[in-house]
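Text of final_15.txt (compact mmCIF, C-alpha atoms) as supplied:
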```
# COMPACT_ATOMS: atom_id res chain seq x y z
CA MET A 4 12.52 4.03 10.45
CA ILE A 5 8.97 3.22 11.49
CA GLU A 6 8.02 3.23 15.17
CA ILE A 7 4.55 2.18 16.23
CA THR A 8 3.69 2.84 19.87
CA ASN A 9 0.65 1.43 21.64
CA LEU A 10 -1.54 1.83 18.55
CA LYS A 11 -5.29 1.52 19.08
CA ARG A 12 -8.20 1.67 16.68
CA ASN A 13 -11.86 0.77 16.96
CA PHE A 14 -14.53 0.29 14.32
CA GLY A 15 -17.77 0.94 16.16
CA LYS A 16 -17.60 -1.17 19.30
CA THR A 17 -15.07 -3.59 17.82
CA GLU A 18 -11.51 -3.09 18.99
CA VAL A 19 -9.41 -3.89 15.91
CA LEU A 20 -6.06 -2.75 17.29
CA LYS A 21 -5.57 -3.18 21.03
CA GLY A 22 -2.30 -1.35 21.59
CA ILE A 23 0.32 -2.70 19.21
CA SER A 24 3.94 -1.57 19.24
CA LEU A 25 6.63 -2.38 16.71
CA LYS A 26 9.73 -1.01 15.08
CA ALA A 27 11.04 -1.34 11.51
CA GLU A 28 14.63 -0.32 10.91
CA PRO A 29 16.49 0.96 7.84
CA GLY A 30 18.22 -1.63 5.66
CA LYS A 31 15.93 -4.37 6.92
CA VAL A 32 12.74 -6.03 5.76
CA THR A 33 10.29 -6.26 8.64
CA GLY A 34 7.42 -8.67 8.19
CA LEU A 35 3.93 -8.10 9.54
CA LEU A 36 2.09 -11.40 9.62
CA GLY A 37 -1.31 -12.39 10.82
CA PRO A 38 -4.48 -14.20 9.84
CA ASN A 39 -7.29 -12.39 8.06
CA GLY A 40 -8.87 -9.75 10.29
CA ALA A 41 -5.86 -9.58 12.60
CA GLY A 42 -5.39 -5.85 12.07
CA LYS A 43 -2.56 -5.74 9.50
CA THR A 44 -4.34 -3.65 6.90
CA THR A 45 -5.73 -1.29 9.55
CA THR A 46 -2.18 -0.77 10.82
CA ILE A 47 -0.95 -0.05 7.30
CA LYS A 48 -3.82 2.33 6.64
CA ILE A 49 -2.99 4.30 9.78
CA LEU A 50 0.68 4.25 8.83
CA SER A 51 -0.09 5.63 5.39
CA THR A 52 -2.31 8.37 6.95
CA ILE A 53 -5.53 7.06 5.47
CA LEU A 54 -7.05 6.31 8.87
CA LYS A 55 -6.49 8.09 12.17
CA PRO A 56 -5.60 6.14 15.30
CA HIS A 57 -7.81 6.23 18.39
CA GLY A 58 -4.81 5.81 20.65
CA GLY A 59 -1.03 5.66 20.43
CA ASP A 60 1.01 6.98 17.49
CA ILE A 61 3.19 6.01 14.55
CA THR A 62 6.30 7.90 13.54
CA VAL A 63 7.92 7.60 10.12
CA ASN A 64 11.45 8.95 10.20
CA ARG A 65 10.40 10.78 13.39
CA HIS A 66 7.32 12.39 11.80
CA SER A 67 4.06 11.63 13.57
CA VAL A 68 1.09 10.40 11.51
CA ILE A 69 -1.14 12.49 13.79
CA LYS A 70 0.80 15.75 13.86
CA GLU A 71 2.66 15.72 10.53
CA PRO A 72 0.75 13.54 8.05
CA ALA A 73 2.04 15.47 5.01
CA LEU A 74 5.66 14.84 6.01
CA VAL A 75 4.88 11.18 6.66
CA ARG A 76 3.49 10.88 3.11
CA LYS A 77 6.64 12.42 1.65
CA ASN A 78 8.74 9.79 3.42
CA LEU A 79 6.52 6.88 2.44
CA GLY A 80 5.96 4.73 -0.61
CA VAL A 81 2.95 2.48 -0.25
CA VAL A 82 2.02 -0.51 -2.40
CA PHE A 83 -1.51 -1.67 -1.72
CA GLU A 84 -2.99 -4.81 -3.18
CA GLU A 85 -5.47 -2.52 -4.94
CA SER A 86 -3.23 -0.85 -7.51
CA GLY A 87 -4.82 2.55 -8.19
CA ILE A 88 -3.26 2.62 -11.65
CA TYR A 89 -5.18 4.60 -14.27
CA GLN A 90 -6.14 2.24 -17.04
CA ARG A 91 -6.49 4.98 -19.67
CA LEU A 92 -2.88 6.05 -19.26
CA THR A 93 0.18 4.05 -20.24
CA GLY A 94 2.45 2.61 -17.54
CA GLU A 95 4.97 5.39 -18.19
CA GLU A 96 2.34 8.10 -17.98
CA ASN A 97 1.03 6.67 -14.71
CA ILE A 98 4.48 6.67 -13.15
CA LEU A 99 5.40 10.14 -14.39
CA TYR A 100 2.07 11.51 -13.20
CA PHE A 101 2.65 10.22 -9.67
CA ALA A 102 6.24 11.53 -9.83
CA ASP A 103 4.80 14.94 -10.69
CA LEU A 104 2.41 14.74 -7.71
CA ALA A 105 5.43 14.03 -5.52
CA ASP A 106 7.29 17.03 -7.03
CA VAL A 107 10.03 14.94 -8.66
CA PRO A 108 11.60 16.84 -11.61
CA PRO A 109 10.65 15.14 -14.92
CA ASP A 110 14.24 14.31 -15.98
CA VAL A 111 15.02 12.75 -12.59
CA ALA A 112 11.74 10.81 -12.67
CA LYS A 113 12.47 9.46 -16.15
CA GLU A 114 15.98 8.38 -15.21
CA ARG A 115 14.69 6.51 -12.15
CA MET A 116 11.80 5.02 -14.06
CA TYR A 117 14.02 3.52 -16.78
CA LYS A 118 16.36 2.11 -14.12
CA PHE A 119 13.40 0.42 -12.42
CA PHE A 120 12.10 -0.87 -15.77
CA GLU A 121 15.41 -2.59 -16.29
CA LEU A 122 15.46 -4.08 -12.79
CA LEU A 123 11.91 -5.40 -13.04
CA GLY A 124 12.00 -6.36 -16.71
CA VAL A 125 9.30 -3.91 -17.76
CA ASP A 126 9.22 -3.58 -21.56
CA TYR A 127 5.52 -2.84 -21.98
CA ALA A 128 5.19 0.56 -20.31
CA LYS A 129 4.27 2.41 -23.49
CA LYS A 130 1.04 0.39 -23.78
CA LEU A 131 -2.17 1.43 -22.05
CA ALA A 132 -2.39 0.09 -18.49
CA GLY A 133 -5.86 -1.27 -19.24
CA THR A 134 -4.23 -3.98 -21.36
CA TYR A 135 -1.90 -5.26 -18.59
CA SER A 136 -2.09 -8.54 -16.72
CA LYS A 137 -2.12 -8.44 -12.91
CA GLY A 138 1.62 -9.07 -12.73
CA MET A 139 2.43 -6.34 -15.25
CA MET A 140 0.16 -3.94 -13.37
CA GLN A 141 1.76 -4.75 -10.03
CA LYS A 142 5.26 -3.98 -11.32
CA ILE A 143 4.06 -0.56 -12.48
CA ASN A 144 2.33 -0.13 -9.13
CA LEU A 145 5.57 -0.86 -7.31
CA ILE A 146 7.55 1.63 -9.41
CA ARG A 147 4.80 4.21 -8.97
CA ALA A 148 5.06 3.86 -5.19
CA ILE A 149 8.80 4.46 -5.03
CA ILE A 150 9.40 6.86 -7.91
CA HIS A 151 9.92 9.70 -5.39
CA ASN A 152 12.66 7.63 -3.73
CA PRO A 153 11.05 7.41 -0.28
CA PRO A 154 13.23 6.15 2.58
CA VAL A 155 10.37 4.01 3.91
CA VAL A 156 8.40 1.51 1.79
CA VAL A 157 5.26 -0.29 2.90
CA LEU A 158 4.16 -3.32 0.91
CA ASP A 159 0.72 -4.80 1.50
CA GLU A 160 0.54 -8.22 -0.20
CA PRO A 161 2.75 -7.04 -3.09
CA THR A 162 2.86 -10.40 -4.89
CA ASN A 163 -0.70 -11.55 -4.30
CA GLY A 164 -1.99 -13.30 -7.42
CA LEU A 165 1.27 -12.93 -9.37
CA ASP A 166 2.86 -15.73 -11.40
CA VAL A 167 6.25 -17.16 -10.43
CA PRO A 168 8.46 -14.98 -12.71
CA SER A 169 6.67 -11.78 -11.62
CA THR A 170 6.86 -12.80 -7.95
CA ARG A 171 10.57 -13.50 -8.31
CA ALA A 172 11.17 -10.12 -9.99
CA VAL A 173 9.30 -8.28 -7.23
CA GLU A 174 11.20 -10.17 -4.51
CA THR A 175 14.54 -9.31 -6.13
CA PHE A 176 13.44 -5.71 -6.27
CA ILE A 177 12.56 -5.74 -2.56
CA ARG A 178 16.07 -7.03 -1.80
CA GLU A 179 17.58 -4.24 -3.93
CA MET A 180 15.61 -1.65 -1.95
CA LYS A 181 16.78 -3.21 1.29
CA ASP A 182 20.41 -3.07 0.10
CA GLU A 183 19.91 0.62 -0.63
CA GLY A 184 19.12 1.08 3.08
CA LYS A 185 15.39 1.64 2.82
CA THR A 186 13.09 0.69 5.69
CA ILE A 187 10.69 -1.94 4.37
CA LEU A 188 7.52 -3.12 6.07
CA LEU A 189 6.08 -6.16 4.33
CA SER A 190 2.62 -7.53 5.02
CA THR A 191 2.04 -10.90 3.41
CA HIS A 192 0.31 -14.23 3.76
CA LEU A 193 3.13 -16.05 1.95
CA MET A 194 5.27 -17.62 4.64
CA ALA A 195 7.89 -18.84 2.18
CA GLN A 196 8.33 -15.24 1.12
CA VAL A 197 8.72 -14.21 4.75
CA GLU A 198 11.51 -16.74 5.21
CA LYS A 199 13.26 -15.52 2.07
CA LEU A 200 12.95 -11.78 2.62
CA CYS A 201 12.33 -10.81 6.23
CA ASP A 202 15.02 -10.00 8.78
CA TYR A 203 12.53 -9.61 11.62
CA ILE A 204 8.87 -10.49 11.92
CA TYR A 205 5.92 -9.48 14.04
CA ILE A 206 2.90 -11.76 14.30
CA ILE A 207 -0.31 -9.89 14.91
CA HIS A 208 -3.44 -11.67 16.07
CA LYS A 209 -6.74 -10.25 17.26
CA GLY A 210 -5.29 -6.76 17.36
CA ARG A 211 -2.22 -7.61 19.45
CA ILE A 212 1.39 -8.46 18.68
CA VAL A 213 1.64 -12.05 19.92
CA GLU A 214 5.15 -12.89 18.77
CA GLU A 215 8.22 -11.17 17.36
CA GLY A 216 11.80 -11.93 16.40
CA PRO A 217 14.02 -12.99 13.51
CA PRO A 218 12.45 -15.87 11.52
CA GLN A 219 15.18 -18.29 12.62
CA SER A 220 14.68 -17.50 16.33
CA ILE A 221 10.92 -17.99 16.03
CA LYS A 222 11.39 -21.35 14.31
CA GLU A 223 13.80 -22.43 17.07
CA LYS A 224 11.50 -21.20 19.83
CA TYR A 225 8.57 -23.23 18.52
CA ASP A 226 10.77 -26.08 17.35
CA THR A 227 9.47 -26.04 13.79
CA ALA A 228 11.10 -26.44 10.38
CA THR A 229 9.31 -23.52 8.77
CA VAL A 230 7.96 -20.11 9.72
CA GLU A 231 4.56 -21.30 8.52
CA ASP A 232 4.47 -24.06 11.16
CA ALA A 233 5.65 -21.64 13.83
CA PHE A 234 3.01 -19.14 12.76
CA LEU A 235 0.28 -21.77 13.06
CA LYS A 236 1.50 -22.73 16.52
CA VAL A 237 1.56 -19.10 17.65
CA VAL A 238 -1.90 -18.36 16.31
CA SER A 239 -3.48 -21.58 17.60
CA SER A 240 -1.90 -21.22 21.06
CA ASP A 241 -3.27 -17.69 21.20
CA VAL A 242 -6.74 -19.00 20.32
CA ALA A 243 -6.51 -21.52 23.16
CA MET B 5 -2.38 22.11 -14.33
CA ARG B 6 -0.82 18.71 -13.66
CA LEU B 7 -4.10 16.83 -13.34
CA PHE B 8 -5.61 18.50 -16.35
CA LYS B 9 -2.51 18.00 -18.49
CA THR B 10 -2.37 14.32 -17.59
CA PHE B 11 -6.01 13.46 -17.98
CA TYR B 12 -6.92 15.66 -20.92
CA GLY B 13 -3.55 15.63 -22.64
CA LYS B 14 -3.05 11.91 -23.10
CA ASN B 15 -4.81 9.14 -24.95
CA ASN B 16 -8.09 10.94 -25.25
CA PHE B 17 -8.60 10.96 -28.98
CA PHE B 18 -12.13 9.63 -28.45
CA LEU B 19 -12.94 12.50 -26.13
CA TYR B 20 -11.68 15.12 -28.59
CA VAL B 21 -13.69 13.55 -31.40
CA LEU B 22 -16.81 13.67 -29.22
CA TYR B 23 -16.28 17.32 -28.32
CA ILE B 24 -15.73 18.29 -31.96
CA GLY B 25 -18.78 16.21 -32.92
CA ILE B 26 -20.91 18.13 -30.42
CA LEU B 27 -19.54 21.42 -31.68
CA ILE B 28 -20.51 20.56 -35.27
CA PHE B 29 -23.89 19.21 -34.17
CA LEU B 30 -24.72 22.38 -32.23
CA TYR B 31 -23.56 24.55 -35.10
CA LEU B 32 -25.78 22.75 -37.60
CA PHE B 33 -28.85 22.74 -35.37
CA THR B 34 -28.60 26.26 -34.01
CA ASN B 35 -30.90 28.63 -35.80
CA LEU B 36 -29.24 31.99 -35.21
CA SER B 37 -28.07 34.75 -37.46
CA PRO B 38 -26.08 37.89 -36.70
CA ASP B 39 -29.40 39.75 -36.86
CA SER B 40 -30.29 38.03 -33.61
CA ASN B 41 -27.95 40.50 -31.94
CA LYS B 42 -30.82 42.91 -32.11
CA LEU B 43 -33.40 40.55 -30.64
CA LEU B 44 -32.70 39.94 -27.00
CA ASN B 45 -35.78 37.80 -26.47
CA GLU B 46 -34.89 35.50 -29.34
CA MET B 47 -31.36 35.24 -27.98
CA HIS B 48 -32.68 34.11 -24.59
CA ILE B 49 -34.86 31.40 -26.05
CA THR B 50 -32.21 30.12 -28.42
CA MET B 51 -29.42 30.16 -25.85
CA SER B 52 -31.63 28.31 -23.40
CA LYS B 53 -32.27 25.61 -26.01
CA ILE B 54 -28.60 25.41 -26.96
CA LEU B 55 -27.48 25.06 -23.37
CA MET B 56 -30.12 22.44 -22.64
CA LEU B 57 -29.15 20.41 -25.68
CA TYR B 58 -25.50 20.87 -24.91
CA GLY B 59 -26.05 19.92 -21.27
CA ILE B 60 -27.64 16.65 -22.32
CA LEU B 61 -24.92 15.83 -24.85
CA ALA B 62 -22.12 16.83 -22.50
CA GLY B 63 -23.72 14.79 -19.70
CA VAL B 64 -23.45 11.72 -21.89
CA ILE B 65 -19.94 12.55 -23.01
CA ILE B 66 -18.58 13.23 -19.57
CA GLY B 67 -20.36 10.16 -18.24
CA VAL B 68 -18.79 8.00 -20.91
CA SER B 69 -15.42 9.61 -21.32
CA ASP B 70 -14.32 11.79 -18.43
CA PRO B 71 -10.89 10.33 -17.91
CA TYR B 72 -10.54 11.67 -14.39
CA LEU B 73 -13.45 10.17 -12.56
CA PRO B 74 -14.13 7.87 -10.84
CA THR B 75 -10.54 6.65 -10.77
CA ILE B 76 -9.31 9.61 -8.75
CA PHE B 77 -11.30 8.37 -5.79
CA THR B 78 -10.32 4.73 -5.99
CA PRO B 79 -10.70 3.24 -3.50
CA ARG B 80 -12.97 5.57 -1.59
CA GLY B 81 -10.77 8.61 -1.84
CA GLU B 82 -8.03 6.85 0.06
CA TRP B 83 -5.45 6.80 -2.69
CA TYR B 84 -4.89 10.46 -3.03
CA ARG B 85 -4.22 10.93 0.63
CA THR B 86 -1.09 8.88 0.14
CA VAL B 87 0.37 10.56 -2.93
CA GLY B 88 0.34 14.30 -2.39
CA ILE B 89 -2.59 15.64 -4.40
CA THR B 90 -3.44 19.14 -3.17
CA ALA B 91 -6.60 21.21 -2.78
CA THR B 92 -5.27 23.46 -5.57
CA ASP B 93 -5.03 20.46 -7.90
CA ILE B 94 -8.68 19.62 -7.35
CA LEU B 95 -10.03 23.19 -7.57
CA GLU B 96 -7.96 23.87 -10.66
CA TYR B 97 -9.08 20.68 -12.40
CA GLU B 98 -12.76 21.34 -11.73
CA ALA B 99 -12.46 24.96 -12.91
CA LEU B 100 -10.62 23.98 -16.11
CA HIS B 101 -13.16 21.26 -16.71
CA ALA B 102 -15.93 23.88 -16.46
CA LEU B 103 -13.99 26.11 -18.83
CA VAL B 104 -13.78 23.37 -21.47
CA TYR B 105 -17.46 22.70 -20.96
CA ALA B 106 -18.38 26.38 -21.43
CA SER B 107 -16.10 27.04 -24.37
CA ILE B 108 -17.87 24.70 -26.82
CA PRO B 109 -21.29 26.40 -27.05
CA THR B 110 -19.53 29.78 -26.95
CA ILE B 111 -17.44 28.85 -30.00
CA VAL B 112 -20.64 27.74 -31.78
CA ILE B 113 -22.35 31.07 -31.13
CA VAL B 114 -19.33 33.10 -32.19
CA LEU B 115 -19.07 31.02 -35.38
CA LYS B 116 -22.71 31.88 -36.04
CA GLY B 117 -21.68 35.52 -36.17
CA ILE B 118 -23.05 36.71 -32.84
CA SER B 119 -20.93 39.40 -31.22
CA ILE B 120 -18.31 38.26 -28.72
CA GLU B 121 -19.79 40.47 -25.98
CA LYS B 122 -23.22 38.88 -26.34
CA SER B 123 -21.74 35.38 -26.66
CA LEU B 124 -19.84 35.86 -23.42
CA MET B 125 -22.86 37.30 -21.64
CA TYR B 126 -25.55 34.93 -22.84
CA VAL B 127 -23.62 31.71 -23.36
CA PHE B 128 -20.20 31.65 -21.80
CA MET B 129 -21.11 32.99 -18.36
CA PRO B 130 -24.22 30.84 -17.95
CA ALA B 131 -22.32 27.82 -19.25
CA ILE B 132 -19.52 28.42 -16.76
CA ALA B 133 -22.13 28.45 -13.98
CA VAL B 134 -23.59 25.20 -15.32
CA GLY B 135 -20.11 23.74 -15.76
CA LEU B 136 -18.97 24.56 -12.24
CA THR B 137 -22.16 23.15 -10.78
CA PHE B 138 -22.13 20.09 -12.97
CA THR B 139 -18.49 19.13 -12.60
CA THR B 140 -18.47 19.69 -8.84
CA LEU B 141 -21.69 17.80 -8.24
CA LYS B 142 -20.60 14.82 -10.29
CA SER B 143 -17.27 14.66 -8.44
CA ALA B 144 -18.95 14.94 -5.06
CA LEU B 145 -21.57 12.39 -6.13
CA SER B 146 -18.90 9.99 -7.35
CA LEU B 147 -17.03 10.33 -4.10
CA LEU B 148 -20.17 9.62 -2.13
CA CYS B 149 -20.85 6.54 -4.27
CA THR B 150 -17.33 5.19 -3.88
CA LYS B 151 -17.45 5.81 -0.13
CA VAL B 152 -20.32 3.36 0.12
CA ASN B 153 -18.57 0.90 -2.20
CA ILE B 154 -20.67 1.36 -5.31
CA SER B 155 -18.83 0.09 -8.37
CA ALA B 156 -17.01 2.38 -10.76
CA SER B 157 -19.34 1.64 -13.68
CA LEU B 158 -22.38 2.45 -11.61
CA VAL B 159 -20.78 5.71 -10.54
CA ARG B 160 -20.26 6.58 -14.19
CA VAL B 161 -23.90 5.82 -15.04
CA THR B 162 -25.07 7.76 -11.98
CA TYR B 163 -23.34 10.96 -12.90
CA MET B 164 -24.18 10.56 -16.56
CA VAL B 165 -27.89 10.39 -15.75
CA GLY B 166 -27.55 13.02 -13.03
CA GLY B 167 -25.60 15.20 -15.42
CA ILE B 168 -28.24 15.06 -18.11
CA ALA B 169 -31.00 15.96 -15.71
CA LEU B 170 -29.00 18.64 -13.93
CA ALA B 171 -27.37 20.32 -16.90
CA GLY B 172 -30.59 20.67 -18.88
CA ASN B 173 -32.54 22.12 -16.00
CA ILE B 174 -29.78 24.30 -14.70
CA ALA B 175 -29.26 25.71 -18.19
CA GLN B 176 -32.83 26.98 -18.25
CA LEU B 177 -32.45 28.50 -14.80
CA VAL B 178 -29.23 30.31 -15.56
CA ILE B 179 -30.71 31.88 -18.66
CA THR B 180 -33.71 33.13 -16.72
CA TYR B 181 -31.81 34.18 -13.58
CA PRO B 182 -28.21 34.62 -14.71
CA ILE B 183 -26.74 36.39 -11.68
CA ALA B 184 -28.47 34.32 -9.00
CA SER B 185 -27.64 31.13 -10.87
CA SER B 186 -24.00 32.07 -11.39
CA LEU B 187 -23.65 32.78 -7.68
CA THR B 188 -25.36 29.50 -6.87
CA GLY B 189 -22.96 27.72 -9.26
CA LEU B 190 -20.01 29.32 -7.51
CA LEU B 191 -21.41 28.39 -4.10
CA ILE B 192 -21.90 24.77 -5.17
CA TYR B 193 -18.36 24.77 -6.55
CA ILE B 194 -16.95 26.02 -3.24
CA LEU B 195 -19.04 23.79 -0.96
CA GLY B 196 -18.78 20.68 -3.17
CA ASN B 197 -15.05 20.99 -3.46
CA ALA B 198 -14.68 21.70 0.25
CA PHE B 199 -16.28 18.29 0.81
CA ILE B 200 -14.06 16.61 -1.81
CA ILE B 201 -10.90 18.22 -0.43
CA ARG B 202 -11.79 17.23 3.12
CA GLU B 203 -12.25 13.63 2.02
CA VAL B 204 -9.33 13.32 -0.38
CA VAL B 205 -6.62 15.66 0.81
CA SER B 206 -6.92 16.04 4.59
```

Rewrite the structure of this file - the entire thing - as structure tokens.
Amino acid sequence: MIEITNLKRNFGKTEVLKGISLKAEPGKVTGLLGPNGAGKTTTIKILSTILKPHGGDITVNRHSVIKEPALVRKNLGVVFEESGIYQRLTGEENILYFADLADVPPDVAKERMYKFFELLGVDYAKKLAGTYSKGMMQKINLIRAIIHNPPVVVLDEPTNGLDVPSTRAVETFIREMKDEGKTILLSTHLMAQVEKLCDYIYIIHKGRIVEEGPPQSIKEKYDTATVEDAFLKVVSSDVA
Amino acid sequence: MRLFKTFYGKNNFFLYVLYIGILIFLYLFTNLSPDSNKLLNEMHITMSKILMLYGILAGVIIGVSDPYLPTIFTPRGEWYRTVGITATDILEYEALHALVYASIPTIVIVLKGISIEKSLMYVFMPAIAVGLTFTTLKSALSLLCTKVNISASLVRVTYMVGGIALAGNIAQLVITYPIASSLTGLLIYILGNAFIIREVVS
């Protein structure tokens, strides 16, 4: 469970987050949508304890990012767009290294890793990561982030730049994690993906939550056929 | 040991070849005989030259091949805050790195027939001081570079060049003032790593 309460953050004199509140529940995919510069990545950085908030708090499974950042990290798996995979190690070595950092016993880590390889169709993990395409790298990145079996998973643009088969594999994997009861927070620009995956969405604009609800309810509220059209209406009405 | 095992233990054939190459190079170009045990002054001069030469070679090697940096700080030290790296991991890695650095010229001197006691005193200890200073400064420097968004390749070049300049000069200093230099090396190790730990682990 993720609970964000009245979160504020400034960069210099610019207020990037102006008091946002949201909740992501276990067994659900919660979408965080917004145009560029809306505050999504800042929110995720605070959530993953990289940045500190200037007001408000975030709790991850009841652990505060301010008071208990180490416990928050243990409960979190984060997939950033920037992979952080070591190119001089193989995919397997990368994953097992991160498992070691998270204190996962080697035999348990290997068992999980091979299960994930099967789910995501990874058959190249013995090659050096420097030889991978973006899609191959992102699958390793995803496994790396959840090898310690965290109850909460944060995905920041996880399929950005991936081809269709890789995108499909990652989406199926996200559904599997949801079925396992994990709390998933998904930040993406791909509205079709939001419609397919998200149970509840928050639209963030200019540092504020400007709309929230299940995708279907938002489409009905704005009388649109797609979430994308609803999103555009929400954002443009907020501009006006 | 987990960082060291991962980054030195895997896929680093090129690095091992370079280290062995340096060892052979130093052995061939070091003009010392067991008789030098008697001549302290000659030992000083030779050790100073060996450490300077080694510092320059190792600066290039670490710049080209250190598998650990600058990736550990990508992007801008943020990664490791999310995955559970500890202060112990960092201190341990830097110390082991310095140990590897110091062991090569020491092996050369011992192979030349110089007594182990003298090799430890005149080569190993100064080289550890150089190693601690060098490895800590290059990590701290890399972190500073990545914090201001300088590219990974530039970081590598920066600490390669910095390493060459530092290691050569520091080597001379530690030979002339071994105790003061060793303490300075230790101080740089502590302060440099305090900065790195604050940025990466806190």

All residues 12 Å or closer to region 110-115 of chain A, only C-alpha atoms, same chain fewer than 2 positions away omitted, as a list in words: Glu95, Glu96, Asn97, Ile98, Leu99, Tyr100, Phe101, Ala102, Asp103, Leu104, Ala105, Asp106, Val107, Pro108, Tyr117, Lys118, Phe119, Phe120, Glu121, Leu122, Ile146, Arg147, Ile149, Ile150, His151 and Asn152 of chain A

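Our summary of the geometry notes that CA of Thr139 (chain B) is positioned 7.1 Å from CA of His101 (chain B).
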
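Counting from CA of Arg178 (chain A), the distance to CA of Thr229 (chain A) is 20.7 Å.
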
Figure out the distance between CA of Phe8 (chain B) and CA of Ala99 (chain B), please, to one decimal in Å.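 Atom-to-atom, CA of Ala99 (chain B) and CA of Phe8 (chain B) are spaced 10.0 Å apart.
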
Closest atom pairs, chain A residues within 9 Å of chain B, all atoms listed in the file, as CSV:
```
residue,atom,partner,partner_atom,distance
A:Ser51,CA,B:Thr86,CA,6.3
A:Thr52,CA,B:Thr86,CA,6.9
A:Ile53,CA,B:Glu82,CA,6.0
A:Leu54,CA,B:Glu82,CA,8.9
A:Pro72,CA,B:Ser206,CA,8.8
A:Ala73,CA,B:Gly88,CA,7.7
A:Arg76,CA,B:Thr86,CA,5.8
A:Lys77,CA,B:Gly88,CA,7.7
A:Leu79,CA,B:Thr86,CA,8.2
A:Gly80,CA,B:Thr86,CA,8.2
A:Val81,CA,B:Thr86,CA,7.6
A:Glu85,CA,B:Pro79,CA,7.9
A:Gly87,CA,B:Thr78,CA,6.3
A:Ile88,CA,B:Thr75,CA,8.4
A:Tyr89,CA,B:Thr75,CA,6.7
A:Gln90,CA,B:Thr75,CA,8.8
A:Arg91,CA,B:Asn15,CA,6.9
A:Leu92,CA,B:Asn15,CA,6.8
A:Thr93,CA,B:Asn15,CA,8.5
A:Glu96,CA,B:Thr10,CA,7.8
A:Asn97,CA,B:Thr10,CA,8.9
A:Tyr100,CA,B:Thr10,CA,6.8
A:Phe101,CA,B:Val87,CA,7.1
A:Asp103,CA,B:Arg6,CA,7.4
A:Leu104,CA,B:Gly88,CA,5.7
A:Ala105,CA,B:Gly88,CA,6.0
A:Asp106,CA,B:Gly88,CA,8.8
A:Leu131,CA,B:Asn15,CA,8.7
A:Ala148,CA,B:Val87,CA,8.5
```

Protein, DNA and RNA residues within 7 Å of (-20.8, 21.9, -8.0), all atoms listed in the file, as a list of chain:residue names: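 Protein, DNA and RNA residues close to (-20.8, 21.9, -8.0): B:Leu136, B:Thr137, B:Phe138, B:Thr139, B:Thr140, B:Leu141, B:Gly189, B:Ile192, B:Tyr193, B:Gly196.
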